[in-house]
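J.: Let me begin by handing over the structure; questions about it come next.
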Amino acid sequence: MSVDAAPPVPPRSTLSVMLNVILNNTLRSPLRFLGVLFLIFLANSAIQNVIAGEYTLETFISQFIFGLSQGSVYALIALGYTLVYGILFMINFAHSEVFMAGAYIGFFAIHAMDESGFLHNQTALALIFTILVGMTASVVIALLLERIAYRPLRNAPRLVPLITAIGASIAIQQLFLLLFGGSPRVYPEVSLFILPGVAGCELVDGVQVCPGIDIIDGRYDVLLFGYDIRIRPIFFVVLFLSLVLMAILWFFVKRTRTGKAMRAVAEDKNTAALMGINVDRVIVMTFVLGAALAGAGAVLFALYNQQVTPFMGFLPGIKAFTSAVLGGIGNIPGAMFGGLFLGVVESVMPSLLGLPGQLKDLVAFGTLILFMIFRPTGIFGEVITKKKA
Amino acid sequence: MSLLEVENIHTFYGKIHALKGVSLVVNEGEIVTLIGSNGAGKSTTMNTICGLTPAAEGSIRLAGQALTTLPAHEIVRRGVIQSPEGRRVFTRLTVRENLEMGAFTRSDRSGMAQDMQEVFKRFPRLKERETQYAGTLSGGEQQMLAIGRALMARPRILLLDEPSMGLAPLLVKQIFEVIKYLNRETGTTILLVEQNALMALEVAHRGYVLQSGIVTHAGAAKTLQKDRAIIEAYLGG
């Protein structure tokens with residue numbers, strides 16, 4: 001057919017252009033088409049739910065706050081996956097056990113301090129110490145992993161360290177099971193009051209007491225946007241501490257000598273070695289950073305989830321890995337954002353869609369699948385090109 | 001005693017015998033060039049000296065001290081600095097950060113700042129692009145950055161691997177000007193690997209010709225330029 005025989009193009013409205021783009025995009029693959037149908041179905045049930053008045057702003061706000069807090073823990077763990085991936089191009093599936101070790105060993109510290117009374121006399125100090133113990137435990141596990149399981153396989157095909165990581169994950173779980181048994185350990189209930197007087201005073205046995213806000217175990221009804229919303233300050237504490245840790249990490253990677261060396265090693269190991277950078281040391285440093293963040297996240301997580309078991313790492317671990325992929329694996333802001341995003345989505349979406357809350361894992365991994373269909377590189381992800389020489 | 005002495009080195013990639021007993025020396029203050037066709041083992045020789053592909057046999061000494069068994073980052077500390085083939089700047093680091101990486105082994109802040117000014121003076125384009133990511137630079141600018149980065153380490157001996165590769169003729173000329181300048185004005189000792197044998201022999205004092213992992217010719221650059229066999233094989237006629 002000759003070119004000049006093409007029919008005249010009719011003027012097109014914005015709407016028809018948009019429709020065209022959407023259709024072109026959807027029809028490119030049957031999977032995308034199904035994905036779009038599914039998204040339309042989801043949007044529809046959410047709208048129906050809101051119209052029917054089953055879903056209120058009140059629910060949204062409290063779920064959103066919980067989601068941010070849970071998400072910040074995911075983000076802390078996700079950073080460990082993403083840092084290691086950025087440098088070694090391997091997924092450290094044993095990272096969930098690095099997390100578990102932090103929470104578990106942290107339990108022994110906080111439990112001992114509970115017995116001795118230190119936890120109640122010097123609560124703030126005791127909590128900081130617990131976090132430090134958790135971080136240390138995680139770092140030790142990560143160092144062992146790197147040295148024993150991963151370093152000997154540095155030049156092996158990529159599948160080999162991946163499978164090793166899964167093996168190491170199971171081995172660490174079983175080791176903890178063997179050493180400490182399978183029954184859950186429970187973090188003690190702690191109260192830490194700040195800002196005396198803010199929450200009002202009361203008379204107890206004739207004495208005026210102004211306890212302030214309990215930022216660990218407290219639950220308060222706060223008037224927000226005209227709704228009485230039950231708020232646990234611990235969620236804000238977790239979010240705040242996580243953001244502080246992430247800011248420190250960001251500064252470290254962007255500004256310090258070792259941070260710059262990390263980025264150089266991530267890009268090109270041989271050339272980094274030609275700069276005089278000890279590549280092995282930088283790799284160890286990466287594991288240490290990721291583990292320290294996971295260990296801190298683990299203790300924070302345990303403070304409001306309370307139960308710890310040798311198997312507790314699996315779900316947060318796999319969710320954090322999902323977060324890292326959602327954000328674009330290997331990308332640091334991606335892991336931070338992906339964690340918060342997943343935390344909020346899995347917390348808010350079930351009731352918005354009219355699903356029971358127990359189905360939040362379905363929502364989380366469903367989100368992953370939708371991302372794999374529509375944006376496989378993740379939110380901040382770049383297309384990874386093979387450039388290695 | 002020469003500054004760099006490479007004696008009878010053998011290097012393997014798996015089962016491939018890439019270097020079959022290469023020997024060469026570089027004296028203080030010299031430019032020595034290593035020429036040869038693709039796959040002759042030029043880059044392998046460089047990487048073996050730098051410890052990236054350790055020698056299975058033979059010895060490498062810097063000012064009499066053995067480098068052969070040291071890891072790559074230790075060799076850099078001794079002052080053997082390579083600007084690798086293909087430039088290999090860190091594309092996701094800024095120009096300034098790349099230069100800082102070049103000075104990674106140093107801790108004298110004032111000396112580093114001074115050397116960075118020196119590099120910026122030599123390559124004003126880098127100063128203009130100081131805070132840009134190196135990935136955004138053109139090929140010629142990246143090559144300047146790669147050389148500047150190597151200079152930031154204050155090399156005792158500078159190994160330049162194919163600095164003119166993939167550059168426009170005008171830039172090639174500029175790069176060779178820089179090499180001459182570094183040697184004449186700052187006394188930098190240079191081992192230069194080049195595909196552009198003609199220009200390399202022009203700036204070098206001495207040269208080695210490498211073929212299939214063996215040194216076939218060695219001598220003063222002036223002599224090699226007139227050698228019939230070399231003219232036919234590498235100088236295009």
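Just remember, in the structure tokens the first chain shown is A, the second B, etc., residues are 1-based per chain, and ligands are 1-based in the order shown.
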Using DSSP secondary structure from the backbone, list all alpha helix (DSSP H) positions within range 46-159 of chain A, as a PDB file with N, CA and C atoms, in the first residue's frame.
T.:
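Produced file out.pdb, reproduced below:
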```pdb
ATOM      1  N   ALA A  46     -12.877  -0.648  46.020  1.00  0.00           N
ATOM      2  CA  ALA A  46     -12.527   0.390  46.985  1.00  0.00           C
ATOM      3  C   ALA A  46     -13.583   1.498  46.964  1.00  0.00           C
ATOM      4  N   ILE A  47     -13.977   1.916  45.745  1.00  0.00           N
ATOM      5  CA  ILE A  47     -14.951   3.006  45.637  1.00  0.00           C
ATOM      6  C   ILE A  47     -16.289   2.596  46.247  1.00  0.00           C
ATOM      7  N   GLN A  48     -16.739   1.371  45.906  1.00  0.00           N
ATOM      8  CA  GLN A  48     -17.991   0.858  46.458  1.00  0.00           C
ATOM      9  C   GLN A  48     -17.967   0.887  47.985  1.00  0.00           C
ATOM     10  N   ASN A  49     -16.823   0.486  48.507  1.00  0.00           N
ATOM     11  CA  ASN A  49     -16.647   0.387  49.945  1.00  0.00           C
ATOM     12  C   ASN A  49     -16.770   1.750  50.610  1.00  0.00           C
ATOM     13  N   VAL A  50     -16.111   2.744  49.983  1.00  0.00           N
ATOM     14  CA  VAL A  50     -16.137   4.090  50.553  1.00  0.00           C
ATOM     15  C   VAL A  50     -17.549   4.667  50.461  1.00  0.00           C
ATOM     16  N   ILE A  51     -18.200   4.459  49.295  1.00  0.00           N
ATOM     17  CA  ILE A  51     -19.559   4.982  49.117  1.00  0.00           C
ATOM     18  C   ILE A  51     -20.512   4.376  50.132  1.00  0.00           C
ATOM     19  N   LEU A  57     -12.441   7.895  57.311  1.00  0.00           N
ATOM     20  CA  LEU A  57     -11.152   8.562  57.445  1.00  0.00           C
ATOM     21  C   LEU A  57     -10.461   8.121  58.733  1.00  0.00           C
ATOM     22  N   GLU A  58     -11.285   7.864  59.730  1.00  0.00           N
ATOM     23  CA  GLU A  58     -10.747   7.439  61.026  1.00  0.00           C
ATOM     24  C   GLU A  58      -9.903   6.166  60.875  1.00  0.00           C
ATOM     25  N   THR A  59     -10.506   5.174  60.203  1.00  0.00           N
ATOM     26  CA  THR A  59      -9.773   3.931  59.979  1.00  0.00           C
ATOM     27  C   THR A  59      -8.510   4.215  59.191  1.00  0.00           C
ATOM     28  N   PHE A  60      -8.669   5.034  58.144  1.00  0.00           N
ATOM     29  CA  PHE A  60      -7.533   5.318  57.287  1.00  0.00           C
ATOM     30  C   PHE A  60      -6.383   5.906  58.081  1.00  0.00           C
ATOM     31  N   ILE A  61      -6.660   6.903  58.910  1.00  0.00           N
ATOM     32  CA  ILE A  61      -5.566   7.575  59.613  1.00  0.00           C
ATOM     33  C   ILE A  61      -4.828   6.605  60.529  1.00  0.00           C
ATOM     34  N   SER A  62      -5.587   5.840  61.316  1.00  0.00           N
ATOM     35  CA  SER A  62      -4.874   4.969  62.254  1.00  0.00           C
ATOM     36  C   SER A  62      -4.124   3.862  61.507  1.00  0.00           C
ATOM     37  N   GLN A  63      -4.712   3.376  60.417  1.00  0.00           N
ATOM     38  CA  GLN A  63      -3.993   2.348  59.649  1.00  0.00           C
ATOM     39  C   GLN A  63      -2.772   2.925  58.940  1.00  0.00           C
ATOM     40  N   PHE A  64      -2.911   4.158  58.495  1.00  0.00           N
ATOM     41  CA  PHE A  64      -1.797   4.809  57.812  1.00  0.00           C
ATOM     42  C   PHE A  64      -0.610   4.981  58.763  1.00  0.00           C
ATOM     43  N   ILE A  65      -0.909   5.385  59.995  1.00  0.00           N
ATOM     44  CA  ILE A  65       0.167   5.579  60.974  1.00  0.00           C
ATOM     45  C   ILE A  65       0.836   4.248  61.285  1.00  0.00           C
ATOM     46  N   PHE A  66       0.016   3.221  61.491  1.00  0.00           N
ATOM     47  CA  PHE A  66       0.605   1.904  61.757  1.00  0.00           C
ATOM     48  C   PHE A  66       1.441   1.450  60.556  1.00  0.00           C
ATOM     49  N   GLY A  67       0.916   1.691  59.371  1.00  0.00           N
ATOM     50  CA  GLY A  67       1.619   1.280  58.156  1.00  0.00           C
ATOM     51  C   GLY A  67       2.974   1.960  58.019  1.00  0.00           C
ATOM     52  N   LEU A  68       3.023   3.239  58.328  1.00  0.00           N
ATOM     53  CA  LEU A  68       4.297   3.961  58.237  1.00  0.00           C
ATOM     54  C   LEU A  68       5.319   3.359  59.187  1.00  0.00           C
ATOM     55  N   SER A  69       4.846   3.017  60.391  1.00  0.00           N
ATOM     56  CA  SER A  69       5.763   2.489  61.384  1.00  0.00           C
ATOM     57  C   SER A  69       6.279   1.101  60.975  1.00  0.00           C
ATOM     58  N   GLN A  70       5.329   0.236  60.597  1.00  0.00           N
ATOM     59  CA  GLN A  70       5.712  -1.097  60.122  1.00  0.00           C
ATOM     60  C   GLN A  70       6.615  -0.957  58.891  1.00  0.00           C
ATOM     61  N   GLY A  71       6.244  -0.027  58.012  1.00  0.00           N
ATOM     62  CA  GLY A  71       6.995   0.185  56.782  1.00  0.00           C
ATOM     63  C   GLY A  71       8.407   0.675  57.045  1.00  0.00           C
ATOM     64  N   SER A  72       8.587   1.449  58.102  1.00  0.00           N
ATOM     65  CA  SER A  72       9.940   1.942  58.353  1.00  0.00           C
ATOM     66  C   SER A  72      10.841   0.798  58.798  1.00  0.00           C
ATOM     67  N   VAL A  73      10.244  -0.198  59.488  1.00  0.00           N
ATOM     68  CA  VAL A  73      11.047  -1.381  59.821  1.00  0.00           C
ATOM     69  C   VAL A  73      11.388  -2.161  58.546  1.00  0.00           C
ATOM     70  N   TYR A  74      10.401  -2.314  57.662  1.00  0.00           N
ATOM     71  CA  TYR A  74      10.686  -2.954  56.373  1.00  0.00           C
ATOM     72  C   TYR A  74      11.815  -2.219  55.663  1.00  0.00           C
ATOM     73  N   ALA A  75      11.758  -0.895  55.712  1.00  0.00           N
ATOM     74  CA  ALA A  75      12.765  -0.093  55.012  1.00  0.00           C
ATOM     75  C   ALA A  75      14.151  -0.362  55.586  1.00  0.00           C
ATOM     76  N   LEU A  76      14.236  -0.443  56.923  1.00  0.00           N
ATOM     77  CA  LEU A  76      15.546  -0.694  57.545  1.00  0.00           C
ATOM     78  C   LEU A  76      16.105  -2.040  57.073  1.00  0.00           C
ATOM     79  N   ILE A  77      15.242  -3.056  57.017  1.00  0.00           N
ATOM     80  CA  ILE A  77      15.721  -4.370  56.567  1.00  0.00           C
ATOM     81  C   ILE A  77      16.034  -4.319  55.072  1.00  0.00           C
ATOM     82  N   ALA A  78      15.148  -3.655  54.323  1.00  0.00           N
ATOM     83  CA  ALA A  78      15.307  -3.609  52.866  1.00  0.00           C
ATOM     84  C   ALA A  78      16.648  -2.999  52.476  1.00  0.00           C
ATOM     85  N   LEU A  79      17.114  -2.038  53.269  1.00  0.00           N
ATOM     86  CA  LEU A  79      18.399  -1.409  52.957  1.00  0.00           C
ATOM     87  C   LEU A  79      19.518  -2.444  52.948  1.00  0.00           C
ATOM     88  N   GLY A  80      19.432  -3.428  53.852  1.00  0.00           N
ATOM     89  CA  GLY A  80      20.439  -4.480  53.881  1.00  0.00           C
ATOM     90  C   GLY A  80      20.457  -5.290  52.593  1.00  0.00           C
ATOM     91  N   TYR A  81      19.268  -5.624  52.093  1.00  0.00           N
ATOM     92  CA  TYR A  81      19.199  -6.363  50.821  1.00  0.00           C
ATOM     93  C   TYR A  81      19.787  -5.533  49.692  1.00  0.00           C
ATOM     94  N   THR A  82      19.388  -4.271  49.684  1.00  0.00           N
ATOM     95  CA  THR A  82      19.748  -3.426  48.552  1.00  0.00           C
ATOM     96  C   THR A  82      21.229  -3.069  48.553  1.00  0.00           C
ATOM     97  N   LEU A  83      21.796  -2.849  49.742  1.00  0.00           N
ATOM     98  CA  LEU A  83      23.221  -2.518  49.819  1.00  0.00           C
ATOM     99  C   LEU A  83      24.064  -3.677  49.299  1.00  0.00           C
ATOM    100  N   VAL A  84      23.745  -4.880  49.792  1.00  0.00           N
ATOM    101  CA  VAL A  84      24.520  -6.050  49.374  1.00  0.00           C
ATOM    102  C   VAL A  84      24.330  -6.320  47.890  1.00  0.00           C
ATOM    103  N   TYR A  85      23.069  -6.158  47.429  1.00  0.00           N
ATOM    104  CA  TYR A  85      22.832  -6.385  46.007  1.00  0.00           C
ATOM    105  C   TYR A  85      23.605  -5.377  45.165  1.00  0.00           C
ATOM    106  N   GLY A  86      23.612  -4.135  45.619  1.00  0.00           N
ATOM    107  CA  GLY A  86      24.302  -3.084  44.876  1.00  0.00           C
ATOM    108  C   GLY A  86      25.764  -3.402  44.664  1.00  0.00           C
ATOM    109  N   ILE A  87      26.370  -4.112  45.605  1.00  0.00           N
ATOM    110  CA  ILE A  87      27.802  -4.367  45.514  1.00  0.00           C
ATOM    111  C   ILE A  87      28.134  -5.742  44.952  1.00  0.00           C
ATOM    112  N   LEU A  88      27.368  -6.759  45.374  1.00  0.00           N
ATOM    113  CA  LEU A  88      27.723  -8.125  44.967  1.00  0.00           C
ATOM    114  C   LEU A  88      26.770  -8.712  43.932  1.00  0.00           C
ATOM    115  N   HIS A  95      19.445 -12.632  55.071  1.00  0.00           N
ATOM    116  CA  HIS A  95      19.305 -11.357  55.777  1.00  0.00           C
ATOM    117  C   HIS A  95      18.140 -11.387  56.765  1.00  0.00           C
ATOM    118  N   SER A  96      17.096 -12.186  56.455  1.00  0.00           N
ATOM    119  CA  SER A  96      15.978 -12.267  57.391  1.00  0.00           C
ATOM    120  C   SER A  96      16.435 -12.894  58.715  1.00  0.00           C
ATOM    121  N   GLU A  97      17.439 -13.759  58.643  1.00  0.00           N
ATOM    122  CA  GLU A  97      17.963 -14.365  59.882  1.00  0.00           C
ATOM    123  C   GLU A  97      18.896 -13.412  60.616  1.00  0.00           C
ATOM    124  N   VAL A  98      19.531 -12.532  59.865  1.00  0.00           N
ATOM    125  CA  VAL A  98      20.323 -11.471  60.488  1.00  0.00           C
ATOM    126  C   VAL A  98      19.389 -10.611  61.342  1.00  0.00           C
ATOM    127  N   PHE A  99      18.223 -10.334  60.785  1.00  0.00           N
ATOM    128  CA  PHE A  99      17.187  -9.583  61.493  1.00  0.00           C
ATOM    129  C   PHE A  99      16.718 -10.342  62.732  1.00  0.00           C
ATOM    130  N   MET A 100      16.384 -11.619  62.542  1.00  0.00           N
ATOM    131  CA  MET A 100      15.890 -12.440  63.641  1.00  0.00           C
ATOM    132  C   MET A 100      16.910 -12.480  64.790  1.00  0.00           C
ATOM    133  N   ALA A 101      18.185 -12.654  64.437  1.00  0.00           N
ATOM    134  CA  ALA A 101      19.226 -12.740  65.472  1.00  0.00           C
ATOM    135  C   ALA A 101      19.255 -11.467  66.307  1.00  0.00           C
ATOM    136  N   GLY A 102      19.052 -10.322  65.665  1.00  0.00           N
ATOM    137  CA  GLY A 102      19.040  -9.056  66.396  1.00  0.00           C
ATOM    138  C   GLY A 102      17.919  -9.025  67.424  1.00  0.00           C
ATOM    139  N   ALA A 103      16.727  -9.423  66.989  1.00  0.00           N
ATOM    140  CA  ALA A 103      15.582  -9.403  67.899  1.00  0.00           C
ATOM    141  C   ALA A 103      15.758 -10.439  69.008  1.00  0.00           C
ATOM    142  N   TYR A 104      16.293 -11.611  68.627  1.00  0.00           N
ATOM    143  CA  TYR A 104      16.382 -12.723  69.580  1.00  0.00           C
ATOM    144  C   TYR A 104      17.432 -12.452  70.655  1.00  0.00           C
ATOM    145  N   ILE A 105      18.625 -12.057  70.227  1.00  0.00           N
ATOM    146  CA  ILE A 105      19.681 -11.779  71.206  1.00  0.00           C
ATOM    147  C   ILE A 105      19.319 -10.530  72.001  1.00  0.00           C
ATOM    148  N   GLY A 106      18.655  -9.578  71.328  1.00  0.00           N
ATOM    149  CA  GLY A 106      18.158  -8.403  72.037  1.00  0.00           C
ATOM    150  C   GLY A 106      17.223  -8.800  73.170  1.00  0.00           C
ATOM    151  N   PHE A 107      16.440  -9.855  72.938  1.00  0.00           N
ATOM    152  CA  PHE A 107      15.539 -10.334  73.985  1.00  0.00           C
ATOM    153  C   PHE A 107      16.319 -10.711  75.247  1.00  0.00           C
ATOM    154  N   PHE A 108      17.425 -11.432  75.064  1.00  0.00           N
ATOM    155  CA  PHE A 108      18.186 -11.871  76.245  1.00  0.00           C
ATOM    156  C   PHE A 108      18.678 -10.669  77.031  1.00  0.00           C
ATOM    157  N   ALA A 109      19.100  -9.633  76.314  1.00  0.00           N
ATOM    158  CA  ALA A 109      19.589  -8.430  76.989  1.00  0.00           C
ATOM    159  C   ALA A 109      18.464  -7.764  77.776  1.00  0.00           C
ATOM    160  N   ILE A 110      17.316  -7.542  77.090  1.00  0.00           N
ATOM    161  CA  ILE A 110      16.238  -6.797  77.755  1.00  0.00           C
ATOM    162  C   ILE A 110      15.628  -7.638  78.874  1.00  0.00           C
ATOM    163  N   HIS A 111      15.605  -8.958  78.678  1.00  0.00           N
ATOM    164  CA  HIS A 111      15.071  -9.852  79.698  1.00  0.00           C
ATOM    165  C   HIS A 111      15.943  -9.802  80.958  1.00  0.00           C
ATOM    166  N   ALA A 112      17.257  -9.858  80.762  1.00  0.00           N
ATOM    167  CA  ALA A 112      18.167  -9.811  81.901  1.00  0.00           C
ATOM    168  C   ALA A 112      18.026  -8.481  82.634  1.00  0.00           C
ATOM    169  N   MET A 113      17.877  -7.401  81.879  1.00  0.00           N
ATOM    170  CA  MET A 113      17.749  -6.094  82.518  1.00  0.00           C
ATOM    171  C   MET A 113      16.412  -5.955  83.217  1.00  0.00           C
ATOM    172  N   ASP A 114      15.397  -6.683  82.710  1.00  0.00           N
ATOM    173  CA  ASP A 114      14.084  -6.693  83.346  1.00  0.00           C
ATOM    174  C   ASP A 114      14.183  -7.384  84.701  1.00  0.00           C
ATOM    175  N   GLU A 115      14.870  -8.527  84.721  1.00  0.00           N
ATOM    176  CA  GLU A 115      15.040  -9.289  85.965  1.00  0.00           C
ATOM    177  C   GLU A 115      15.776  -8.470  87.016  1.00  0.00           C
ATOM    178  N   SER A 116      16.835  -7.772  86.552  1.00  0.00           N
ATOM    179  CA  SER A 116      17.674  -7.062  87.516  1.00  0.00           C
ATOM    180  C   SER A 116      17.045  -5.738  87.941  1.00  0.00           C
ATOM    181  N   PHE A 118      16.959  -3.065  86.200  1.00  0.00           N
ATOM    182  CA  PHE A 118      17.582  -1.950  85.485  1.00  0.00           C
ATOM    183  C   PHE A 118      16.626  -1.355  84.456  1.00  0.00           C
ATOM    184  N   LEU A 119      15.851  -2.250  83.846  1.00  0.00           N
ATOM    185  CA  LEU A 119      14.917  -1.822  82.805  1.00  0.00           C
ATOM    186  C   LEU A 119      13.917  -0.811  83.359  1.00  0.00           C
ATOM    187  N   HIS A 120      13.565  -0.950  84.634  1.00  0.00           N
ATOM    188  CA  HIS A 120      12.549  -0.056  85.179  1.00  0.00           C
ATOM    189  C   HIS A 120      13.153   1.171  85.823  1.00  0.00           C
ATOM    190  N   ASN A 121      14.394   1.046  86.267  1.00  0.00           N
ATOM    191  CA  ASN A 121      15.043   2.220  86.850  1.00  0.00           C
ATOM    192  C   ASN A 121      15.584   3.153  85.784  1.00  0.00           C
ATOM    193  N   THR A 123      15.008   3.134  82.152  1.00  0.00           N
ATOM    194  CA  THR A 123      14.365   2.561  80.973  1.00  0.00           C
ATOM    195  C   THR A 123      15.019   3.011  79.668  1.00  0.00           C
ATOM    196  N   ALA A 124      15.252   4.309  79.552  1.00  0.00           N
ATOM    197  CA  ALA A 124      15.785   4.823  78.289  1.00  0.00           C
ATOM    198  C   ALA A 124      17.139   4.192  77.984  1.00  0.00           C
ATOM    199  N   LEU A 125      18.017   4.195  78.999  1.00  0.00           N
ATOM    200  CA  LEU A 125      19.346   3.601  78.813  1.00  0.00           C
ATOM    201  C   LEU A 125      19.235   2.132  78.437  1.00  0.00           C
ATOM    202  N   ALA A 126      18.340   1.428  79.162  1.00  0.00           N
ATOM    203  CA  ALA A 126      18.183  -0.009  78.926  1.00  0.00           C
ATOM    204  C   ALA A 126      17.720  -0.275  77.499  1.00  0.00           C
ATOM    205  N   LEU A 127      16.804   0.567  77.001  1.00  0.00           N
ATOM    206  CA  LEU A 127      16.296   0.367  75.646  1.00  0.00           C
ATOM    207  C   LEU A 127      17.400   0.629  74.610  1.00  0.00           C
ATOM    208  N   ILE A 128      18.153   1.684  74.837  1.00  0.00           N
ATOM    209  CA  ILE A 128      19.261   1.975  73.916  1.00  0.00           C
ATOM    210  C   ILE A 128      20.250   0.814  73.918  1.00  0.00           C
ATOM    211  N   PHE A 129      20.533   0.315  75.124  1.00  0.00           N
ATOM    212  CA  PHE A 129      21.466  -0.806  75.230  1.00  0.00           C
ATOM    213  C   PHE A 129      20.919  -2.028  74.482  1.00  0.00           C
ATOM    214  N   THR A 130      19.607  -2.280  74.618  1.00  0.00           N
ATOM    215  CA  THR A 130      19.007  -3.418  73.907  1.00  0.00           C
ATOM    216  C   THR A 130      19.182  -3.271  72.401  1.00  0.00           C
ATOM    217  N   ILE A 131      18.948  -2.057  71.925  1.00  0.00           N
ATOM    218  CA  ILE A 131      19.102  -1.820  70.482  1.00  0.00           C
ATOM    219  C   ILE A 131      20.550  -2.087  70.064  1.00  0.00           C
ATOM    220  N   LEU A 132      21.492  -1.615  70.885  1.00  0.00           N
ATOM    221  CA  LEU A 132      22.907  -1.830  70.547  1.00  0.00           C
ATOM    222  C   LEU A 132      23.258  -3.315  70.548  1.00  0.00           C
ATOM    223  N   VAL A 133      22.699  -4.059  71.523  1.00  0.00           N
ATOM    224  CA  VAL A 133      22.956  -5.501  71.559  1.00  0.00           C
ATOM    225  C   VAL A 133      22.388  -6.161  70.304  1.00  0.00           C
ATOM    226  N   GLY A 134      21.164  -5.759  69.944  1.00  0.00           N
ATOM    227  CA  GLY A 134      20.541  -6.316  68.742  1.00  0.00           C
ATOM    228  C   GLY A 134      21.383  -6.038  67.510  1.00  0.00           C
ATOM    229  N   MET A 135      21.864  -4.806  67.397  1.00  0.00           N
ATOM    230  CA  MET A 135      22.680  -4.442  66.239  1.00  0.00           C
ATOM    231  C   MET A 135      23.964  -5.279  66.209  1.00  0.00           C
ATOM    232  N   THR A 136      24.578  -5.424  67.376  1.00  0.00           N
ATOM    233  CA  THR A 136      25.826  -6.183  67.440  1.00  0.00           C
ATOM    234  C   THR A 136      25.599  -7.632  67.025  1.00  0.00           C
ATOM    235  N   ALA A 137      24.513  -8.220  67.563  1.00  0.00           N
ATOM    236  CA  ALA A 137      24.223  -9.625  67.231  1.00  0.00           C
ATOM    237  C   ALA A 137      24.040  -9.780  65.722  1.00  0.00           C
ATOM    238  N   SER A 138      23.292  -8.868  65.132  1.00  0.00           N
ATOM    239  CA  SER A 138      23.060  -8.954  63.695  1.00  0.00           C
ATOM    240  C   SER A 138      24.359  -8.815  62.927  1.00  0.00           C
ATOM    241  N   VAL A 139      25.202  -7.890  63.370  1.00  0.00           N
ATOM    242  CA  VAL A 139      26.466  -7.667  62.669  1.00  0.00           C
ATOM    243  C   VAL A 139      27.339  -8.916  62.747  1.00  0.00           C
ATOM    244  N   VAL A 140      27.367  -9.558  63.940  1.00  0.00           N
ATOM    245  CA  VAL A 140      28.195 -10.761  64.079  1.00  0.00           C
ATOM    246  C   VAL A 140      27.732 -11.846  63.116  1.00  0.00           C
ATOM    247  N   ILE A 141      26.407 -12.058  63.067  1.00  0.00           N
ATOM    248  CA  ILE A 141      25.873 -13.071  62.153  1.00  0.00           C
ATOM    249  C   ILE A 141      26.232 -12.742  60.703  1.00  0.00           C
ATOM    250  N   ALA A 142      26.089 -11.458  60.350  1.00  0.00           N
ATOM    251  CA  ALA A 142      26.363 -11.060  58.964  1.00  0.00           C
ATOM    252  C   ALA A 142      27.842 -11.249  58.622  1.00  0.00           C
ATOM    253  N   LEU A 143      28.723 -10.941  59.583  1.00  0.00           N
ATOM    254  CA  LEU A 143      30.156 -11.111  59.340  1.00  0.00           C
ATOM    255  C   LEU A 143      30.489 -12.576  59.100  1.00  0.00           C
ATOM    256  N   LEU A 144      29.885 -13.447  59.939  1.00  0.00           N
ATOM    257  CA  LEU A 144      30.129 -14.882  59.773  1.00  0.00           C
ATOM    258  C   LEU A 144      29.638 -15.352  58.409  1.00  0.00           C
ATOM    259  N   LEU A 159      24.150 -17.976  40.517  1.00  0.00           N
ATOM    260  CA  LEU A 159      23.148 -18.820  41.165  1.00  0.00           C
ATOM    261  C   LEU A 159      23.702 -19.492  42.424  1.00  0.00           C
TER     262      LEU A 159
END
```
J.: Leaving out Thr367 in chain A and any residue of its chain fewer than 6 positions from it, which residues lie within 9 Å of it when counting only C-alpha atoms, given as a ChimeraX atom specification?
T.: /A:326,342,345-346
J.: Include N, CA and C atoms and write out the residues we just selected as a tab-separated table (two decimals), in the first residue's frame.
T.:
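Result file part-v3.tsv:
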```
chain	number	residue	atom	x	y	z
A	326	LEU	N	10.36	-3.37	45.02
A	326	LEU	CA	9.41	-2.33	44.64
A	326	LEU	C	10.13	-1.01	44.41
A	342	LEU	N	5.23	-0.16	51.03
A	342	LEU	CA	4.64	-1.48	51.26
A	342	LEU	C	3.94	-1.53	52.61
A	345	VAL	N	0.66	0.29	52.23
A	345	VAL	CA	-0.27	-0.43	51.36
A	345	VAL	C	-0.87	-1.65	52.07
A	346	GLU	N	-0.01	-2.44	52.70
A	346	GLU	CA	-0.55	-3.65	53.32
A	346	GLU	C	-1.38	-3.34	54.56
```
J.: Near Ala55 in chain B, counting only C-alpha atoms, which residues have an atom at most 8 Å away, once you skip same-chain residues fewer than 4 positions from it, shown as a PyMOL selection string?
T.: chain B and resi 9-12+48+51+59+68
J.: Show me which bits of chain B are within 10 Å of chain A, counting only C-alpha atoms, as a ChimeraX atom specification.
T.: /B:47,50-52,71-84,87-93,97-106,149-150,152-153
J.: Tell me, which residues of range 153-248 of chain A carry DSSP strand (DSSP E), written as number ranges by chain?
T.: A: 185-186, 193-194, 202-204, 207-209, 213-214, 220-224, 227-231
J.: Report, in Å with one decimal, the straight-line distance from CA of Ala364 in chain A to CA of Ser351 in chain A.
T.: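 Between CA of Ala364 in chain A and CA of Ser351 in chain A the gap works out to 13.3 Å.
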J.: One decimal, Å: what's the distance from CA of Thr189 in chain B over to CA of Leu167 in chain B, could you say?
T.: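 Result for CA of Thr189 in chain B versus CA of Leu167 in chain B: 23.5 Å, one decimal.
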J.: Between B:Glu177, B:Asp115, B:Glu141, B:Glu130, which has the minimum distance to Met199 in chain B (counting only C-alpha atoms)?
T.: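 Among the listed residues, B:Glu177 lies closest to Met199 in chain B.
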